[in-house]
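Note: the block below is final-v2.cif and it holds mmCIF, C-alpha atoms.
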```cif
data_data
loop_
_atom_site.group_PDB
_atom_site.id
_atom_site.type_symbol
_atom_site.label_atom_id
_atom_site.label_comp_id
_atom_site.auth_asym_id
_atom_site.auth_seq_id
_atom_site.Cartn_x
_atom_site.Cartn_y
_atom_site.Cartn_z
ATOM 1 C CA MET S 1 126.187 98.860 -86.096
ATOM 2 C CA GLU S 2 123.320 98.849 -83.616
ATOM 3 C CA SER S 3 125.609 97.699 -80.762
ATOM 4 C CA TYR S 4 128.036 100.498 -81.628
ATOM 5 C CA SER S 5 125.185 103.028 -81.422
ATOM 6 C CA MET S 6 124.044 101.572 -78.078
ATOM 7 C CA ALA S 7 127.557 101.696 -76.624
ATOM 8 C CA TYR S 8 127.931 105.260 -77.841
ATOM 9 C CA ASP S 9 124.581 106.239 -76.252
ATOM 10 C CA GLU S 10 125.549 104.577 -72.967
ATOM 11 C CA LEU S 11 128.913 106.329 -72.964
ATOM 12 C CA MET S 12 127.254 109.676 -73.631
ATOM 13 C CA ALA S 13 124.752 109.045 -70.804
ATOM 14 C CA ILE S 14 127.585 108.231 -68.411
ATOM 15 C CA LEU S 15 129.494 111.360 -69.464
ATOM 16 C CA MET S 16 126.359 113.490 -68.986
ATOM 17 C CA VAL S 17 125.826 112.064 -65.496
ATOM 18 C CA LEU S 18 129.481 112.649 -64.592
ATOM 19 C CA GLY S 19 129.326 116.136 -66.091
ATOM 20 C CA SER S 20 126.213 117.048 -64.120
ATOM 21 C CA PHE S 21 127.791 115.600 -60.954
ATOM 22 C CA GLY S 22 130.952 117.619 -61.591
ATOM 23 C CA PHE S 23 128.925 120.757 -62.219
ATOM 24 C CA SER S 24 126.917 120.205 -59.025
ATOM 25 C CA LEU S 25 130.089 119.613 -57.042
ATOM 26 C CA THR S 26 131.629 122.773 -58.509
ATOM 27 C CA VAL S 27 128.551 124.812 -57.537
ATOM 28 C CA ILE S 28 128.634 123.411 -53.995
ATOM 29 C CA ILE S 29 132.353 124.155 -53.590
ATOM 30 C CA ALA S 30 131.978 127.654 -55.060
ATOM 31 C CA THR S 31 129.013 128.414 -52.781
ATOM 32 C CA PHE S 32 130.937 127.194 -49.739
ATOM 33 C CA ALA S 33 133.966 129.281 -50.763
ATOM 34 C CA VAL S 34 131.835 132.424 -51.177
ATOM 35 C CA PHE S 35 130.211 131.940 -47.764
ATOM 36 C CA ALA S 36 133.540 131.129 -46.096
ATOM 37 C CA PHE S 37 135.190 134.194 -47.655
ATOM 38 C CA GLY S 38 132.199 136.373 -46.688
ATOM 39 C CA PHE S 39 132.276 135.096 -43.104
ATOM 40 C CA LEU S 40 136.024 135.681 -42.850
ATOM 41 C CA ALA S 41 135.716 139.196 -44.307
ATOM 42 C CA LEU S 42 132.878 140.039 -41.890
ATOM 43 C CA PHE S 43 134.855 138.607 -38.960
ATOM 44 C CA ILE S 44 137.920 140.714 -39.800
ATOM 45 C CA ALA S 45 135.837 143.835 -40.520
ATOM 46 C CA SER S 46 134.067 143.510 -37.171
ATOM 47 C CA ARG S 47 137.356 143.383 -35.229
ATOM 48 C CA ILE S 48 139.237 146.286 -36.850
ATOM 49 C CA PRO S 49 137.394 149.153 -35.048
ATOM 50 C CA TYR S 50 137.719 147.464 -31.661
ATOM 51 C CA CYS S 51 141.450 146.930 -32.290
ATOM 52 C CA LYS S 52 141.828 150.625 -32.975
ATOM 53 C CA LEU S 53 139.785 151.608 -29.889
ATOM 54 C CA ALA S 54 141.687 149.166 -27.645
ATOM 55 C CA LYS S 55 145.041 150.397 -28.945
ATOM 56 C CA LYS S 56 144.041 154.029 -28.353
ATOM 57 C CA GLU S 57 142.950 153.150 -24.792
ATOM 58 C CA GLY S 58 146.128 151.183 -24.107
ATOM 59 C CA ILE S 59 144.269 147.968 -23.318
ATOM 60 C CA PRO S 60 146.742 145.069 -23.102
ATOM 61 C CA ASN S 61 146.253 141.697 -24.809
ATOM 62 C CA ARG S 62 144.422 143.136 -27.826
ATOM 63 C CA TRP S 63 145.061 139.865 -29.652
ATOM 64 C CA LEU S 64 142.136 138.445 -27.650
ATOM 65 C CA LEU S 65 139.835 140.297 -30.067
ATOM 66 C CA TRP S 66 140.578 137.606 -32.651
ATOM 67 C CA ILE S 67 139.233 134.856 -30.367
ATOM 68 C CA PRO S 68 135.402 134.840 -30.244
ATOM 69 C CA ILE S 69 135.022 134.666 -26.441
ATOM 70 C CA GLY S 70 138.163 136.752 -25.847
ATOM 71 C CA GLU S 71 136.596 139.577 -27.838
ATOM 72 C CA MET S 72 134.139 140.144 -24.990
ATOM 73 C CA TYR S 73 137.043 140.666 -22.563
ATOM 74 C CA ILE S 74 138.379 143.581 -24.626
ATOM 75 C CA ARG S 75 134.963 145.067 -25.369
ATOM 76 C CA LEU S 76 134.107 145.072 -21.659
ATOM 77 C CA GLN S 77 137.209 147.183 -20.976
ATOM 78 C CA LEU S 78 136.350 149.842 -23.564
ATOM 79 C CA SER S 79 133.896 151.424 -21.153
ATOM 80 C CA LYS S 80 134.579 152.381 -17.548
ATOM 81 C CA ARG S 81 130.890 152.598 -16.673
ATOM 82 C CA GLU S 82 129.445 150.489 -13.883
ATOM 83 C CA TYR S 83 128.069 147.314 -15.431
ATOM 84 C CA SER S 84 124.403 147.246 -14.502
ATOM 85 C CA LEU S 85 121.671 144.897 -15.677
ATOM 86 C CA PHE S 86 118.265 146.412 -14.988
ATOM 87 C CA GLY S 87 119.465 147.577 -11.563
ATOM 88 C CA PHE S 88 119.657 143.985 -10.246
ATOM 89 C CA ILE S 89 123.275 143.242 -11.087
ATOM 90 C CA LYS S 90 125.738 146.068 -10.519
ATOM 91 C CA LEU S 91 129.463 145.564 -10.872
ATOM 92 C CA LYS S 92 132.173 148.189 -10.878
ATOM 93 C CA GLU S 93 134.807 145.618 -11.860
ATOM 94 C CA ARG S 94 133.831 144.776 -15.449
ATOM 95 C CA LYS S 95 136.247 141.833 -15.641
ATOM 96 C CA ASN S 96 133.908 139.877 -13.341
ATOM 97 C CA ILE S 97 131.251 139.971 -16.066
ATOM 98 C CA PHE S 98 133.770 138.441 -18.454
ATOM 99 C CA TRP S 99 134.473 135.566 -16.054
ATOM 100 C CA PHE S 100 130.735 134.928 -15.709
ATOM 101 C CA TYR S 101 130.385 135.100 -19.513
ATOM 102 C CA LEU S 102 133.282 132.666 -20.042
ATOM 103 C CA ILE S 103 132.129 130.143 -17.432
ATOM 104 C CA PHE S 104 128.505 130.347 -18.634
ATOM 105 C CA ASN S 105 129.540 129.702 -22.261
ATOM 106 C CA LEU S 106 131.796 126.778 -21.329
ATOM 107 C CA ILE S 107 129.063 125.177 -19.203
ATOM 108 C CA MET S 108 126.492 125.601 -21.980
ATOM 109 C CA ILE S 109 128.857 124.103 -24.564
ATOM 110 C CA PHE S 110 129.571 121.149 -22.269
ATOM 111 C CA ILE S 111 125.883 120.521 -21.502
ATOM 112 C CA GLY S 112 124.900 120.975 -25.158
ATOM 113 C CA GLY S 113 127.574 118.534 -26.278
ATOM 114 C CA GLY S 114 126.496 116.009 -23.670
ATOM 115 C CA LEU S 115 122.844 116.311 -24.680
ATOM 116 C CA SER S 116 123.808 115.848 -28.332
ATOM 117 C CA VAL S 117 125.663 112.629 -27.523
ATOM 118 C CA ILE S 118 122.697 111.377 -25.478
ATOM 119 C CA LEU S 119 120.388 112.273 -28.382
ATOM 120 C CA ILE S 120 122.474 110.175 -30.764
ATOM 121 C CA LEU S 121 122.544 107.273 -28.320
ATOM 122 C CA SER S 122 118.810 107.535 -27.595
ATOM 123 C CA SER S 123 117.698 107.262 -31.220
ATOM 124 C CA ILE S 124 116.237 103.842 -30.408
ATOM 125 C CA LEU S 125 113.905 105.332 -27.776
ATOM 126 C CA PRO S 126 111.832 108.065 -29.461
ATOM 127 C CA LEU S 127 110.322 109.417 -26.207
ATOM 128 C CA ILE S 128 113.753 110.072 -24.696
ATOM 129 C CA GLY S 129 114.891 111.567 -28.004
ATOM 130 C CA MET S 130 111.949 114.004 -28.005
ATOM 131 C CA PHE S 131 112.757 115.032 -24.423
ATOM 132 C CA ILE S 132 116.423 115.596 -25.336
ATOM 133 C CA ILE S 133 115.439 117.666 -28.396
ATOM 134 C CA PHE S 134 113.228 119.815 -26.157
ATOM 135 C CA ALA S 135 116.067 120.172 -23.631
ATOM 136 C CA ILE S 136 118.516 121.213 -26.380
ATOM 137 C CA GLN S 137 116.055 123.836 -27.677
ATOM 138 C CA LEU S 138 115.503 125.152 -24.148
ATOM 139 C CA LEU S 139 119.267 125.242 -23.598
ATOM 140 C CA TRP S 140 119.734 127.177 -26.861
ATOM 141 C CA LEU S 141 117.038 129.674 -25.810
ATOM 142 C CA ILE S 142 118.726 130.246 -22.426
ATOM 143 C CA TYR S 143 122.144 130.520 -24.087
ATOM 144 C CA TYR S 144 120.963 133.045 -26.669
ATOM 145 C CA THR S 145 118.978 135.107 -24.134
ATOM 146 C CA VAL S 146 121.795 135.393 -21.577
ATOM 147 C CA ASN S 147 124.418 136.207 -24.220
ATOM 148 C CA SER S 148 122.089 138.748 -25.857
ATOM 149 C CA ILE S 149 121.477 140.520 -22.541
ATOM 150 C CA ILE S 150 125.180 140.630 -21.707
ATOM 151 C CA GLY S 151 126.017 141.795 -25.230
ATOM 152 C CA TRP S 152 123.249 144.403 -25.166
ATOM 153 C CA ARG S 153 124.688 146.034 -22.069
ATOM 154 C CA VAL S 154 128.268 145.918 -23.363
ATOM 155 C CA ASN S 155 127.228 147.556 -26.646
ATOM 156 C CA TYR S 156 125.108 150.126 -24.805
ATOM 157 C CA ASP S 157 128.032 151.092 -22.560
ATOM 158 C CA ILE S 158 130.436 151.364 -25.506
ATOM 159 C CA LEU S 159 128.040 153.590 -27.455
ATOM 160 C CA MET S 160 127.405 155.777 -24.396
ATOM 161 C CA THR S 161 131.151 156.131 -23.764
ATOM 162 C CA TYR S 162 131.974 157.074 -27.342
ATOM 163 C CA GLY S 163 129.441 159.841 -27.916
ATOM 164 C CA MET S 164 126.459 157.950 -29.311
ATOM 165 C CA GLN S 165 124.090 158.625 -26.402
ATOM 166 C CA LYS S 166 121.094 159.321 -28.692
ATOM 167 C CA HIS S 167 121.479 155.983 -30.446
ATOM 168 C CA ALA S 168 122.835 153.785 -27.654
ATOM 169 C CA MET S 169 119.586 152.202 -26.487
ATOM 170 C CA TRP S 170 117.887 151.416 -29.784
ATOM 171 C CA ALA S 171 121.121 150.382 -31.536
ATOM 172 C CA SER S 172 122.169 148.005 -28.757
ATOM 173 C CA VAL S 173 118.688 146.418 -28.606
ATOM 174 C CA VAL S 174 118.345 146.044 -32.391
ATOM 175 C CA ASN S 175 121.867 144.586 -32.511
ATOM 176 C CA CYS S 176 120.576 141.580 -30.530
ATOM 177 C CA PHE S 177 118.505 140.668 -33.598
ATOM 178 C CA VAL S 178 120.672 142.209 -36.359
ATOM 179 C CA PRO S 179 124.277 141.642 -35.209
ATOM 180 C CA CYS S 180 125.809 143.534 -38.134
ATOM 181 C CA LEU S 181 124.396 146.835 -36.822
ATOM 182 C CA MET S 182 127.088 147.189 -34.160
ATOM 183 C CA ILE S 183 129.761 146.724 -36.834
ATOM 184 C CA VAL S 184 128.449 149.874 -38.535
ATOM 185 C CA PHE S 185 128.400 151.813 -35.246
ATOM 186 C CA SER S 186 131.877 150.578 -34.318
ATOM 187 C CA TYR S 187 133.259 152.180 -37.483
ATOM 188 C CA ILE S 188 131.436 155.415 -36.630
ATOM 189 C CA ILE S 189 132.918 155.574 -33.114
ATOM 190 C CA MET S 190 136.433 154.245 -33.741
ATOM 191 C CA ASP S 191 137.944 157.714 -34.179
ATOM 192 C CA LYS S 192 136.046 159.352 -31.299
ATOM 193 C CA GLU S 193 137.497 160.088 -27.910
ATOM 194 C CA PRO S 194 135.857 158.369 -24.929
ATOM 195 C CA ASP S 195 133.842 160.336 -22.420
ATOM 196 C CA TYR S 196 133.979 158.430 -19.136
ATOM 197 C CA SER S 197 131.777 160.932 -17.330
ATOM 198 C CA VAL S 198 128.633 159.747 -19.145
#
```

Rewritten as structure tokens:
Amino acid sequence: MESYSMAYDELMAILMVLGSFGFSLTVIIATFAVFAFGFLALFIASRIPYCKLAKKEGIPNRWLLWIPIGEMYIRLQLSKREYSLFGFIKLKERKNIFWFYLIFNLIMIFIGGGLSVILILSSILPLIGMFIIFAIQLLWLIYYTVNSIIGWRVNYDILMTYGMQKHAMWASVVNCFVPCLMIVFSYIIMDKEPDYSV
């Protein structure tokens, strides 16, 4: 009778462990699904106003909005203003900024990937690993800063073009730190007519 009780207790313990593992796995999958669905919904919601603006302006290749780097190509064309960064870089042809943006991002991805591989291979030499970690962090800082500055100016120009002159500066700067802000403004401006004289 005692062995039957022991076997029963062991079976119950195993079932409890499997049950808790199953519950944990279910929570992890559900959490991932919620985040994935939220990310997808935010991605789609952020593209809809720009699709409408690009269609109204007759910009070709609007499908590029659904590709992360291609989105910048369309957004650059929504304003006809001269692209100017602090008076140092001035370009009338806004497509040139896109080519710089594309090449810069590809180079940074390539260098970052290479540094990551070197970091994995250098795990036996801690000093080299620390140097690579520092280089990756510096690379990330440069990447984020350059993309934020380019994005700031693109958002500023779009807001200026579509009648949000009072909010253009602060909204485009704050958007560098709170990216969802421009989604809100894009819905506000999507039905407005552009004013290219601003």

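The shortest atom-to-atom distance to S:Gly112, with only C-alpha atoms taken into account, belongs to S:Ile142 out of S:Val27, S:Val184, S:Ile128, S:Ile142.
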
- Nearest to S:Asn96 among S:Val34, S:Glu82, S:Met108, S:Asp191, with distances taken over all atoms listed in the file: which residue is it?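 Among the listed residues, S:Glu82 lies closest to S:Asn96.
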
Using only C-alpha atoms, the residue out of S:Val174, S:Cys51, S:Leu159, S:Leu102 with shortest distance to S:Pro68 is S:Leu102

Using only C-alpha atoms, pick whichever of S:Ile149, S:Ile44, S:Met164, S:Ile109 has the shortest atom-to-atom distance to S:Met190.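 The shortest atom-to-atom distance to S:Met190 comes from S:Met164.
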
| Residues at most 7 Å from stretch 175-183 of chain S, counting all atoms listed in the file, excluding those fewer than 6 positions away in the same chain, as number ranges by chain? | S: 46, 148, 152

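Against this structure, the PyMOL selection byres ((chain S and resi 61) around 12) ends up with Cys51, Ala54, Lys55, Glu57, Gly58, Ile59, Pro60, Arg62, Trp63, Leu64, Leu65, Trp66, Ile67, Gly70, Glu71, Tyr73, Ile74, Arg75 and Gln77 of chain S.
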
- prompt: Between atom CA of S:Asn155 and atom CA of S:Phe43, what is the spacing in Å?
  reply: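 These two atoms are separated by 17.0 Å.
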
Using all atoms listed in the file, determine which residues lie at most 9 Å from S:Tyr101, disregarding the query and same-chain residues fewer than 5 positions distant; provide the list as a ChimeraX atom specification.
/S:69,72,96,106,146-147,150

Adding 5 Å on each side of the box along x, y and z that holds all listed atoms of stretch 50-53 of chain S, could you give its centre and edge lengths in Å to one decimal, as lines of an AutoDock Vina configuration file?
```
center_x = 139.8
center_y = 149.3
center_z = -31.4
size_x = 14.1
size_y = 14.7
size_z = 13.1
```

Nearby residues (only C-alpha atoms) at most 9 Å from stretch 90-94 of chain S, same-chain spacing under 2 positions excluded, as a ChimeraX atom specification = /S:73,76-77,79-88,96-98

What separates atom CA of S:Thr161 and atom CA of S:Lys192 is a distance of 9.5 Å

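What separates atom CA of S:Ile132 from atom CA of S:Leu115 is a distance of 6.5 Å.
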
Min atom-atom distance to S:Glu193 from the set S:Ile133, S:Leu141, S:Ile118, S:Leu78, counting all atoms listed in the file, belongs to S:Leu78

query = For S:Ala45, which residue among S:Ser172, S:Asn105, S:Ser186, S:Gln165 is the nearest when counting all atoms listed in the file?
reply =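 Of all the options, S:Ser186 lies closest to S:Ala45.
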
Please return stretch 24-49 of chain S, rebuilt to N, CA, C and O atoms, as a PDB file, keeping the file's coordinate frame.
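File written: part-v8.pdb
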```pdb
ATOM      1  N   SER S  24     127.537 120.053 -60.348  1.00  0.00           N
ATOM      2  CA  SER S  24     126.917 120.205 -59.025  1.00  0.00           C
ATOM      3  C   SER S  24     127.972 120.354 -57.938  1.00  0.00           C
ATOM      4  O   SER S  24     127.846 121.189 -57.043  1.00  0.00           O
ATOM      5  N   LEU S  25     129.006 119.536 -58.023  1.00  0.00           N
ATOM      6  CA  LEU S  25     130.089 119.613 -57.042  1.00  0.00           C
ATOM      7  C   LEU S  25     130.792 120.962 -57.121  1.00  0.00           C
ATOM      8  O   LEU S  25     131.118 121.566 -56.093  1.00  0.00           O
ATOM      9  N   THR S  26     131.002 121.465 -58.330  1.00  0.00           N
ATOM     10  CA  THR S  26     131.629 122.773 -58.509  1.00  0.00           C
ATOM     11  C   THR S  26     130.778 123.877 -57.902  1.00  0.00           C
ATOM     12  O   THR S  26     131.295 124.781 -57.230  1.00  0.00           O
ATOM     13  N   VAL S  27     129.465 123.814 -58.104  1.00  0.00           N
ATOM     14  CA  VAL S  27     128.551 124.812 -57.537  1.00  0.00           C
ATOM     15  C   VAL S  27     128.588 124.760 -56.015  1.00  0.00           C
ATOM     16  O   VAL S  27     128.652 125.798 -55.348  1.00  0.00           O
ATOM     17  N   ILE S  28     128.596 123.554 -55.461  1.00  0.00           N
ATOM     18  CA  ILE S  28     128.634 123.411 -53.995  1.00  0.00           C
ATOM     19  C   ILE S  28     129.935 123.983 -53.438  1.00  0.00           C
ATOM     20  O   ILE S  28     129.930 124.731 -52.454  1.00  0.00           O
ATOM     21  N   ILE S  29     131.056 123.657 -54.058  1.00  0.00           N
ATOM     22  CA  ILE S  29     132.353 124.155 -53.590  1.00  0.00           C
ATOM     23  C   ILE S  29     132.426 125.675 -53.724  1.00  0.00           C
ATOM     24  O   ILE S  29     132.891 126.375 -52.817  1.00  0.00           O
ATOM     25  N   ALA S  30     131.950 126.198 -54.851  1.00  0.00           N
ATOM     26  CA  ALA S  30     131.978 127.654 -55.060  1.00  0.00           C
ATOM     27  C   ALA S  30     131.089 128.361 -54.041  1.00  0.00           C
ATOM     28  O   ALA S  30     131.475 129.408 -53.492  1.00  0.00           O
ATOM     29  N   THR S  31     129.921 127.814 -53.773  1.00  0.00           N
ATOM     30  CA  THR S  31     129.013 128.414 -52.781  1.00  0.00           C
ATOM     31  C   THR S  31     129.657 128.407 -51.402  1.00  0.00           C
ATOM     32  O   THR S  31     129.620 129.407 -50.687  1.00  0.00           O
ATOM     33  N   PHE S  32     130.258 127.283 -51.026  1.00  0.00           N
ATOM     34  CA  PHE S  32     130.937 127.194 -49.739  1.00  0.00           C
ATOM     35  C   PHE S  32     132.070 128.207 -49.664  1.00  0.00           C
ATOM     36  O   PHE S  32     132.251 128.881 -48.640  1.00  0.00           O
ATOM     37  N   ALA S  33     132.846 128.339 -50.745  1.00  0.00           N
ATOM     38  CA  ALA S  33     133.966 129.281 -50.763  1.00  0.00           C
ATOM     39  C   ALA S  33     133.479 130.721 -50.609  1.00  0.00           C
ATOM     40  O   ALA S  33     134.086 131.514 -49.877  1.00  0.00           O
ATOM     41  N   VAL S  34     132.388 131.068 -51.284  1.00  0.00           N
ATOM     42  CA  VAL S  34     131.835 132.424 -51.177  1.00  0.00           C
ATOM     43  C   VAL S  34     131.385 132.701 -49.746  1.00  0.00           C
ATOM     44  O   VAL S  34     131.689 133.762 -49.173  1.00  0.00           O
ATOM     45  N   PHE S  35     130.670 131.747 -49.141  1.00  0.00           N
ATOM     46  CA  PHE S  35     130.211 131.940 -47.764  1.00  0.00           C
ATOM     47  C   PHE S  35     131.386 131.995 -46.785  1.00  0.00           C
ATOM     48  O   PHE S  35     131.401 132.804 -45.859  1.00  0.00           O
ATOM     49  N   ALA S  36     132.370 131.128 -46.983  1.00  0.00           N
ATOM     50  CA  ALA S  36     133.540 131.129 -46.096  1.00  0.00           C
ATOM     51  C   ALA S  36     134.299 132.445 -46.218  1.00  0.00           C
ATOM     52  O   ALA S  36     134.698 133.039 -45.207  1.00  0.00           O
ATOM     53  N   PHE S  37     134.500 132.926 -47.445  1.00  0.00           N
ATOM     54  CA  PHE S  37     135.190 134.194 -47.655  1.00  0.00           C
ATOM     55  C   PHE S  37     134.384 135.350 -47.053  1.00  0.00           C
ATOM     56  O   PHE S  37     134.940 136.238 -46.410  1.00  0.00           O
ATOM     57  N   GLY S  38     133.061 135.327 -47.250  1.00  0.00           N
ATOM     58  CA  GLY S  38     132.199 136.373 -46.688  1.00  0.00           C
ATOM     59  C   GLY S  38     132.249 136.379 -45.166  1.00  0.00           C
ATOM     60  O   GLY S  38     132.342 137.442 -44.544  1.00  0.00           O
ATOM     61  N   PHE S  39     132.206 135.194 -44.560  1.00  0.00           N
ATOM     62  CA  PHE S  39     132.276 135.096 -43.104  1.00  0.00           C
ATOM     63  C   PHE S  39     133.616 135.612 -42.593  1.00  0.00           C
ATOM     64  O   PHE S  39     133.674 136.365 -41.623  1.00  0.00           O
ATOM     65  N   LEU S  40     134.690 135.227 -43.264  1.00  0.00           N
ATOM     66  CA  LEU S  40     136.024 135.681 -42.850  1.00  0.00           C
ATOM     67  C   LEU S  40     136.156 137.190 -42.990  1.00  0.00           C
ATOM     68  O   LEU S  40     136.682 137.864 -42.090  1.00  0.00           O
ATOM     69  N   ALA S  41     135.653 137.738 -44.096  1.00  0.00           N
ATOM     70  CA  ALA S  41     135.716 139.196 -44.307  1.00  0.00           C
ATOM     71  C   ALA S  41     134.904 139.926 -43.244  1.00  0.00           C
ATOM     72  O   ALA S  41     135.351 140.949 -42.700  1.00  0.00           O
ATOM     73  N   LEU S  42     133.717 139.418 -42.922  1.00  0.00           N
ATOM     74  CA  LEU S  42     132.878 140.039 -41.890  1.00  0.00           C
ATOM     75  C   LEU S  42     133.543 139.937 -40.524  1.00  0.00           C
ATOM     76  O   LEU S  42     133.517 140.890 -39.741  1.00  0.00           O
ATOM     77  N   PHE S  43     134.164 138.800 -40.237  1.00  0.00           N
ATOM     78  CA  PHE S  43     134.855 138.607 -38.960  1.00  0.00           C
ATOM     79  C   PHE S  43     135.982 139.626 -38.813  1.00  0.00           C
ATOM     80  O   PHE S  43     136.110 140.285 -37.780  1.00  0.00           O
ATOM     81  N   ILE S  44     136.798 139.765 -39.846  1.00  0.00           N
ATOM     82  CA  ILE S  44     137.920 140.714 -39.800  1.00  0.00           C
ATOM     83  C   ILE S  44     137.409 142.149 -39.704  1.00  0.00           C
ATOM     84  O   ILE S  44     137.903 142.946 -38.899  1.00  0.00           O
ATOM     85  N   ALA S  45     136.396 142.473 -40.524  1.00  0.00           N
ATOM     86  CA  ALA S  45     135.837 143.835 -40.520  1.00  0.00           C
ATOM     87  C   ALA S  45     135.244 144.198 -39.171  1.00  0.00           C
ATOM     88  O   ALA S  45     135.307 145.351 -38.740  1.00  0.00           O
ATOM     89  N   SER S  46     134.680 143.219 -38.472  1.00  0.00           N
ATOM     90  CA  SER S  46     134.067 143.510 -37.171  1.00  0.00           C
ATOM     91  C   SER S  46     135.100 143.726 -36.076  1.00  0.00           C
ATOM     92  O   SER S  46     134.797 144.324 -35.043  1.00  0.00           O
ATOM     93  N   ARG S  47     136.328 143.256 -36.264  1.00  0.00           N
ATOM     94  CA  ARG S  47     137.356 143.383 -35.229  1.00  0.00           C
ATOM     95  C   ARG S  47     138.215 144.641 -35.378  1.00  0.00           C
ATOM     96  O   ARG S  47     138.763 145.131 -34.409  1.00  0.00           O
ATOM     97  N   ILE S  48     138.341 145.152 -36.592  1.00  0.00           N
ATOM     98  CA  ILE S  48     139.237 146.286 -36.850  1.00  0.00           C
ATOM     99  C   ILE S  48     138.918 147.509 -35.980  1.00  0.00           C
ATOM    100  O   ILE S  48     139.817 148.060 -35.350  1.00  0.00           O
ATOM    101  N   PRO S  49     137.652 147.966 -35.880  1.00  0.00           N
ATOM    102  CA  PRO S  49     137.394 149.153 -35.048  1.00  0.00           C
ATOM    103  C   PRO S  49     137.722 148.931 -33.576  1.00  0.00           C
ATOM    104  O   PRO S  49     138.256 149.825 -32.920  1.00  0.00           O
TER     105      PRO S  49
END
```
